[in-house]
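Colleague: Input work_9.tsv, format and content: TSV, C-alpha atoms and all ligand atoms.
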```tsv
chain	number	residue	atom	x	y	z
A	1	MET	CA	169.07	75.20	-199.28
A	2	GLY	CA	171.77	76.40	-196.93
A	3	ASN	CA	171.97	76.93	-193.23
A	4	VAL	CA	169.20	78.58	-191.29
A	5	THR	CA	168.79	79.33	-187.62
A	6	VAL	CA	165.61	78.28	-185.84
A	7	GLN	CA	164.61	80.30	-182.79
A	8	ALA	CA	164.13	77.74	-180.05
A	9	GLU	CA	164.64	76.94	-176.41
A	10	PRO	CA	167.01	76.63	-174.67
A	11	GLU	CA	168.81	78.52	-177.46
A	12	PRO	CA	168.61	79.15	-181.23
A	13	LEU	CA	169.52	76.11	-183.32
A	14	PRO	CA	171.41	76.45	-186.61
A	15	ILE	CA	170.39	73.68	-189.02
A	16	ASP	CA	171.42	72.60	-192.48
A	17	ALA	CA	168.11	71.72	-194.12
A	18	ALA	CA	169.82	69.27	-196.48
A	19	ARG	CA	170.99	67.32	-193.42
A	20	THR	CA	167.70	67.63	-191.52
A	21	ALA	CA	164.79	65.22	-191.64
A	22	ILE	CA	161.18	65.63	-190.56
A	23	VAL	CA	160.10	62.57	-188.55
A	24	MET	CA	156.32	62.43	-188.35
A	25	ILE	CA	155.46	60.04	-185.55
A	26	ASP	CA	152.35	57.81	-185.66
A	27	MET	CA	149.76	60.24	-187.08
A	28	GLN	CA	147.50	57.21	-187.53
A	29	ARG	CA	143.74	56.82	-187.39
A	30	ASP	CA	144.28	54.41	-184.49
A	31	PHE	CA	145.48	57.32	-182.34
A	32	LEU	CA	143.59	60.30	-183.80
A	33	GLU	CA	140.16	58.97	-184.74
A	34	PRO	CA	137.33	57.45	-182.71
A	35	GLY	CA	137.20	53.66	-182.72
A	36	GLY	CA	140.96	53.03	-182.64
A	37	PHE	CA	143.66	52.15	-180.13
A	38	GLY	CA	143.70	55.55	-178.42
A	39	GLU	CA	140.00	55.49	-177.71
A	40	ALA	CA	140.15	51.81	-176.67
A	41	LEU	CA	142.53	52.91	-173.92
A	42	GLY	CA	139.93	55.37	-172.66
A	43	ASN	CA	141.34	58.56	-174.16
A	44	ASP	CA	139.60	61.57	-175.68
A	45	VAL	CA	141.15	61.37	-179.14
A	46	SER	CA	139.94	64.85	-180.16
A	47	ARG	CA	142.76	66.24	-178.01
A	48	LEU	CA	145.23	65.25	-180.74
A	49	ASN	CA	143.55	67.27	-183.51
A	50	SER	CA	145.45	70.44	-182.65
A	51	ALA	CA	148.66	69.01	-184.14
A	52	VAL	CA	147.20	68.22	-187.58
A	53	GLY	CA	147.14	71.76	-189.04
A	54	PRO	CA	150.69	72.70	-187.92
A	55	CYS	CA	152.05	69.33	-189.14
A	56	ARG	CA	150.38	69.85	-192.51
A	57	ALA	CA	151.89	73.32	-192.86
A	58	LEU	CA	155.33	71.97	-191.96
A	59	LEU	CA	155.02	69.12	-194.47
A	60	GLU	CA	154.09	71.58	-197.22
A	61	THR	CA	157.17	73.70	-196.55
A	62	ALA	CA	159.46	70.69	-196.13
A	63	ARG	CA	158.24	69.24	-199.43
A	64	ARG	CA	158.82	72.53	-201.19
A	65	ARG	CA	162.35	72.59	-199.73
A	66	GLU	CA	162.87	68.93	-200.77
A	67	MET	CA	163.76	67.91	-197.23
A	68	LEU	CA	163.70	64.26	-196.19
A	69	ILE	CA	160.31	63.40	-194.67
A	70	ILE	CA	159.85	60.13	-192.81
A	71	HIS	CA	156.54	58.87	-191.46
A	72	THR	CA	156.22	56.22	-188.77
A	73	ARG	CA	153.37	53.93	-187.84
A	74	GLU	CA	153.11	51.97	-184.62
A	75	GLY	CA	151.60	48.53	-185.11
A	76	HIS	CA	152.04	44.81	-185.41
A	77	ARG	CA	152.06	41.96	-187.89
A	78	PRO	CA	148.64	40.33	-188.42
A	79	ASP	CA	149.90	37.18	-186.66
A	80	MET	CA	151.09	39.41	-183.79
A	81	SER	CA	154.40	37.53	-183.58
A	82	ASP	CA	156.12	40.90	-182.97
A	83	ALA	CA	153.72	42.00	-180.21
A	84	PRO	CA	155.05	41.31	-176.72
A	85	ARG	CA	152.50	39.81	-174.31
A	86	ALA	CA	153.33	42.54	-171.82
A	87	LYS	CA	152.09	45.10	-174.37
A	88	VAL	CA	149.05	43.16	-175.56
A	89	GLU	CA	147.68	42.18	-172.16
A	90	ARG	CA	146.45	45.65	-171.23
A	91	GLY	CA	142.86	46.74	-170.78
A	92	ALA	CA	139.66	44.83	-171.50
A	93	PRO	CA	140.28	41.87	-173.86
A	94	ALA	CA	137.71	43.14	-176.41
A	95	MET	CA	139.65	46.40	-176.74
A	96	ARG	CA	143.21	45.07	-176.90
A	97	ILE	CA	145.74	45.14	-179.74
A	98	GLY	CA	144.53	42.68	-182.37
A	99	ALA	CA	140.86	42.86	-181.34
A	100	PRO	CA	138.34	43.77	-184.06
A	101	GLY	CA	137.21	47.40	-184.01
A	102	PRO	CA	135.28	49.75	-186.28
A	103	MET	CA	138.47	50.49	-188.24
A	104	GLY	CA	139.65	46.89	-188.39
A	105	ARG	CA	141.87	45.02	-185.94
A	106	ILE	CA	143.37	47.45	-183.44
A	107	LEU	CA	146.97	48.49	-184.16
A	108	ILE	CA	147.49	45.81	-186.82
A	109	ARG	CA	149.35	46.54	-190.05
A	110	GLY	CA	147.20	46.65	-193.15
A	111	GLU	CA	144.05	47.62	-191.25
A	112	ARG	CA	142.33	50.95	-191.89
A	113	GLY	CA	142.98	52.16	-188.35
A	114	HIS	CA	146.71	51.54	-188.69
A	115	ASP	CA	147.11	53.91	-191.61
A	116	ILE	CA	148.08	57.57	-191.48
A	117	ILE	CA	145.23	60.10	-191.51
A	118	GLU	CA	144.26	61.52	-194.88
A	119	ALA	CA	145.40	65.09	-194.10
A	120	LEU	CA	148.99	63.95	-193.49
A	121	ALA	CA	149.19	61.07	-195.97
A	122	PRO	CA	152.73	60.26	-197.09
A	123	ARG	CA	153.66	61.26	-200.65
A	124	LYS	CA	155.50	59.05	-203.13
A	125	GLY	CA	159.16	58.74	-202.14
A	126	GLU	CA	158.64	59.52	-198.45
A	127	PRO	CA	159.75	56.52	-196.38
A	128	VAL	CA	157.15	55.00	-194.05
A	129	VAL	CA	158.73	53.16	-191.12
A	130	ASP	CA	156.59	50.53	-189.40
A	131	LYS	CA	157.61	50.15	-185.80
A	132	PRO	CA	156.50	47.57	-183.23
A	133	GLY	CA	157.51	49.72	-180.26
A	134	LYS	CA	157.26	53.23	-178.97
A	135	GLY	CA	160.64	54.42	-180.27
A	136	ALA	CA	161.11	54.78	-184.03
A	137	PHE	CA	164.63	53.33	-183.89
A	138	TYR	CA	163.75	50.11	-182.08
A	139	ALA	CA	163.56	47.13	-184.49
A	140	THR	CA	163.39	49.36	-187.60
A	141	ASP	CA	165.75	50.54	-190.35
A	142	LEU	CA	165.29	54.23	-189.48
A	143	HIS	CA	168.91	54.71	-188.37
A	144	LEU	CA	170.19	53.26	-191.63
A	145	ILE	CA	167.93	55.51	-193.72
A	146	LEU	CA	169.11	58.60	-191.81
A	147	GLN	CA	172.79	57.64	-192.04
A	148	ASN	CA	172.55	56.96	-195.76
A	149	ARG	CA	171.15	60.47	-196.30
A	150	GLY	CA	173.77	62.13	-194.07
A	151	ILE	CA	171.12	63.39	-191.66
A	152	GLU	CA	172.34	65.18	-188.50
A	153	THR	CA	169.20	66.87	-187.16
A	154	LEU	CA	165.68	65.54	-186.69
A	155	ILE	CA	162.54	67.63	-186.47
A	156	VAL	CA	160.32	65.29	-184.48
A	157	CYS	CA	156.54	65.77	-184.68
A	158	GLY	CA	153.49	63.65	-184.01
A	159	VAL	CA	151.72	61.81	-181.25
A	160	THR	CA	151.83	61.37	-178.44
A	161	THR	CA	154.29	63.85	-176.99
A	162	GLU	CA	155.24	61.92	-173.88
A	163	VAL	CA	155.11	58.42	-175.38
A	164	CYS	CA	156.30	57.81	-178.94
A	165	VAL	CA	157.66	61.31	-179.62
A	166	HIS	CA	159.61	61.32	-176.37
A	167	THR	CA	160.91	57.78	-176.76
A	168	THR	CA	162.09	58.56	-180.29
A	169	VAL	CA	163.80	61.78	-179.19
A	170	ARG	CA	165.61	59.89	-176.43
A	171	GLU	CA	166.68	57.12	-178.82
A	172	ALA	CA	167.86	59.68	-181.39
A	173	ASN	CA	169.77	61.60	-178.74
A	174	ASP	CA	171.80	58.54	-177.80
A	175	ARG	CA	172.56	57.93	-181.48
A	176	GLY	CA	174.03	61.39	-181.91
A	177	PHE	CA	171.20	63.24	-183.66
A	178	ARG	CA	170.16	66.76	-182.69
A	179	CYS	CA	166.41	66.80	-182.05
A	180	LEU	CA	164.15	69.79	-182.53
A	181	VAL	CA	160.53	69.45	-181.40
A	182	PRO	CA	157.93	71.98	-182.60
A	183	GLU	CA	155.49	71.97	-179.71
A	184	ASP	CA	152.29	72.61	-181.69
A	185	CYS	CA	153.18	69.77	-184.10
A	186	CYS	CA	152.86	67.32	-181.20
A	187	ALA	CA	149.94	66.47	-178.96
A	188	SER	CA	148.93	64.29	-176.06
A	189	TYR	CA	145.70	62.97	-174.56
A	190	PHE	CA	147.01	64.60	-171.36
A	191	PRO	CA	147.80	68.33	-171.72
A	192	GLU	CA	149.92	68.26	-168.59
A	193	PHE	CA	152.08	65.41	-169.95
A	194	HIS	CA	152.54	67.37	-173.21
A	195	GLU	CA	153.67	70.40	-171.26
A	196	VAL	CA	156.04	68.52	-168.95
A	197	GLY	CA	157.33	66.32	-171.77
A	198	LEU	CA	158.44	69.40	-173.69
A	199	ARG	CA	160.00	70.93	-170.58
A	200	MET	CA	161.97	67.74	-170.03
A	201	ILE	CA	163.43	67.92	-173.54
A	202	LYS	CA	164.68	71.50	-173.29
A	203	ALA	CA	165.69	71.57	-169.61
A	204	GLN	CA	169.30	71.36	-168.40
A	205	GLY	CA	170.68	73.15	-171.45
A	206	GLY	CA	168.63	70.98	-173.83
A	207	ILE	CA	169.33	67.60	-172.29
A	208	PHE	CA	167.37	65.81	-175.06
A	209	GLY	CA	167.09	68.63	-177.60
A	210	TRP	CA	165.45	71.89	-178.55
A	211	VAL	CA	161.81	73.00	-178.49
A	212	THR	CA	160.27	75.52	-180.88
A	213	ASP	CA	156.87	76.03	-182.54
A	214	SER	CA	155.72	75.81	-186.16
A	215	LYS	CA	155.63	79.60	-186.57
A	216	ARG	CA	159.29	80.04	-185.68
A	217	LEU	CA	160.30	76.90	-187.57
A	218	LEU	CA	158.49	77.90	-190.77
A	219	ALA	CA	159.90	81.42	-190.53
A	220	ALA	CA	163.40	79.92	-190.52
A	221	LEU	CA	162.75	77.37	-193.28
A	222	ASN	CA	161.19	80.06	-195.48
A	223	SER	CA	163.97	82.57	-194.83
A	224	THR	CA	166.14	81.52	-197.78
B	301	LIG	C1	151.06	55.31	-177.71
B	301	LIG	C2	152.19	56.60	-179.39
B	301	LIG	N1	150.69	56.37	-177.01
B	301	LIG	N2	152.30	56.70	-180.70
B	301	LIG	N3	151.70	55.42	-178.89
B	301	LIG	O1	150.78	54.18	-177.32
B	301	LIG	O2	152.48	57.53	-178.66
```
Written as structure tokens, that's how I'd like the structure from this file.
Modeller:
Amino acid sequence: MGNVTVQAEPEPLPIDAARTAIVMIDMQRDFLEPGGFGEALGNDVSRLNSAVGPCRALLETARRREMLIIHTREGHRPDMSDAPRAKVERGAPAMRIGAPGPMGRILIRGERGHDIIEALAPRKGEPVVDKPGKGAFYATDLHLILQNRGIETLIVCGVTTEVCVHTTVREANDRGFRCLVPEDCCASYFPEFHEVGLRMIKAQGGIFGWVTDSKRLLAALNST
């Protein structure tokens, strides 16, 4: 597949699909389903459902176009040796990272809650990056995977817009990647944070990147 131009703000973005990766951030049960980390923090997890359909449609097109698709999962080792105390010691002790919940221990690798939701399950050959932090580059091999594939542009999707999506976009920006964020492929427990988070990305001439939506993105990816 050759070059296509995605209509976006602050301006259209030409991308080479062979050098573009989809980065699907933390679409895990722990954030999207009742009984996980998101709900333990007092959030209405149903607010994240809006991103599932658009992400699924994007994955279908990206798979058809044989683009690189990377999934991330936020979480920690069962012994929690990679979980900083400053992160763990939040909220009521019974609801903290590592505590038992209806989907297993909260935000712990290998537990049911830690895995990606069925609708967006990774396919064979799609790298899954386990990350201990908010950003997908911190303490992971994501940068190496992207460099080895000659990736220049990231299409960053997932949850939540202002936390792990934003942190990853900022990290990627400083590492020289162009970042394109389809707004309906992201979601937040706080609609106002979603809105402002996206504005922050595309403001000042695209200080962190470009913002589009799945309709415009799919139109571009399907145009060749
Ligand atoms: C949060 C994330 N919100 N994936 N994680 O703690 O955005």
Colleague: Have a look at A:Gly176, A:Gly104, A:Gly75, A:Gly125 and name the one nearest to ligand LIG 301 (chain B); count only C-alpha atoms and all ligand atoms.
Modeller: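 That would be A:Gly75, the residue with the smallest distance to ligand LIG 301 (chain B).
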Colleague: Have a look at A:Thr5, A:Asn49, A:Thr61, A:Ser188 and name the one nearest to Asn222 in chain A; count only C-alpha atoms.
Modeller: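 Of all the options, A:Thr61 lies closest to Asn222 in chain A.
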Colleague: Show me which residues sit within 6 Å of ligand LIG 301 (chain B) when counting only C-alpha atoms and all ligand atoms, and put them as a list in words.
Modeller: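 My answer, listing the contacting residues, is Asp26, Lys134, Val159, Thr160, Val163 and Cys164 of chain A.
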Colleague: Using all atoms listed in the file, determine which residues lie at most 10 Å from Met200 in chain A, disregarding the query and same-chain residues fewer than 6 positions distant; provide the list as JSON, numbers by chain.
Modeller: {"A": [162, 166, 194, 206, 207, 208, 209, 211]}
Colleague: Of the candidates A:Pro132, A:Pro12, A:Pro78, A:Gly36, which one gets nearest to Asp115 in chain A if we count all atoms listed in the file?
Modeller: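 Comparing A:Pro132, A:Pro12, A:Pro78, A:Gly36 against Asp115 in chain A, the winner is A:Gly36.
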Colleague: Distance CA of Arg63 in chain A-CA of Pro10 in chain A, one decimal place?
Modeller: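 So the two atoms, CA of Arg63 in chain A and CA of Pro10 in chain A, lie 27.3 Å apart.
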Colleague: Residues within 12 Å of Val88 in chain A, please, as a PyMOL selection string. Count only C-alpha atoms; anything in the same chain fewer than 2 positions from it doesn't count.
Modeller: chain A and resi 37+41+75-76+80-86+90-99+106-108+132-133
Colleague: Counting only C-alpha atoms, select every polymer residue within 10 Å of (152.2, 72.8, -187.4) as defined in the file's coordinates, and provide the selection as a list of chain:residue names.
Modeller: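 Checked against the point, the hits come out as A:Ser50, A:Ala51, A:Val52, A:Gly53, A:Pro54, A:Cys55, A:Arg56, A:Ala57, A:Leu58, A:Leu59, A:Cys157, A:Gly158, A:Pro182, A:Glu183, A:Asp184, A:Cys185, A:Cys186, A:Asp213, A:Ser214, A:Lys215, A:Leu217, A:Leu218.
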Colleague: Have a look at A:Glu33, A:Glu66, A:Glu60, A:Asp141 and name the one nearest to Glu118 in chain A; count all atoms listed in the file.
Modeller: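 With all atoms listed in the file as the atom set, the closest residue is A:Glu33.
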Colleague: Edge lengths and centre, in Å to one decimal, as AutoDock Vina command-line options: that's what I need for the box along x, y and z that holds all listed atoms of range 50-66 of chain A plus 4 Å on each side.
Modeller:
```
--center_x 154.2 --center_y 71.0 --center_z -191.9 --size_x 25.4 --size_y 13.5 --size_z 26.5
```
Colleague: Just checking: using all atoms listed in the file, which residue out of A:Arg64, A:Arg77, A:Arg29, A:Arg170 ends up closest to Gly110 in chain A?
Modeller: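 Using all atoms listed in the file, Gly110 in chain A sits closest to A:Arg77.
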Colleague: Rounded to one decimal place, report the CA of Asp130 in chain A-CA of Asp44 in chain A distance in Å.
Modeller: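 Going from CA of Asp130 in chain A over to CA of Asp44 in chain A covers 24.5 Å.
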Colleague: So, counting only C-alpha atoms, which residue among A:Ala8, A:Met103, A:Ile70, A:Ala172 is closest to Phe31 in chain A?
Modeller: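 Using only C-alpha atoms, the shortest distance to Phe31 in chain A belongs to A:Met103.
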Colleague: Quick one, how far is CA of Ala203 in chain A from CA of Ala18 in chain A?
Modeller: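 Computed distance, CA of Ala203 in chain A to CA of Ala18 in chain A, equals 27.3 Å.
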Colleague: Set the distance at 12 Å and use all atoms listed in the file: which residues neighbour Ile145 in chain A once local chain neighbours fewer than 2 positions away are removed? I'd like the list as a list in words.
Modeller: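 The contact residues come out as Ala21, Val23, Leu68, Ile69, Ile70, Glu126, Pro127, Val128, Val129, Ala136, Phe137, Thr140, Asp141, Leu142, His143, Gln147, Asn148, Arg149, Gly150, Ile151 and Glu152 of chain A.
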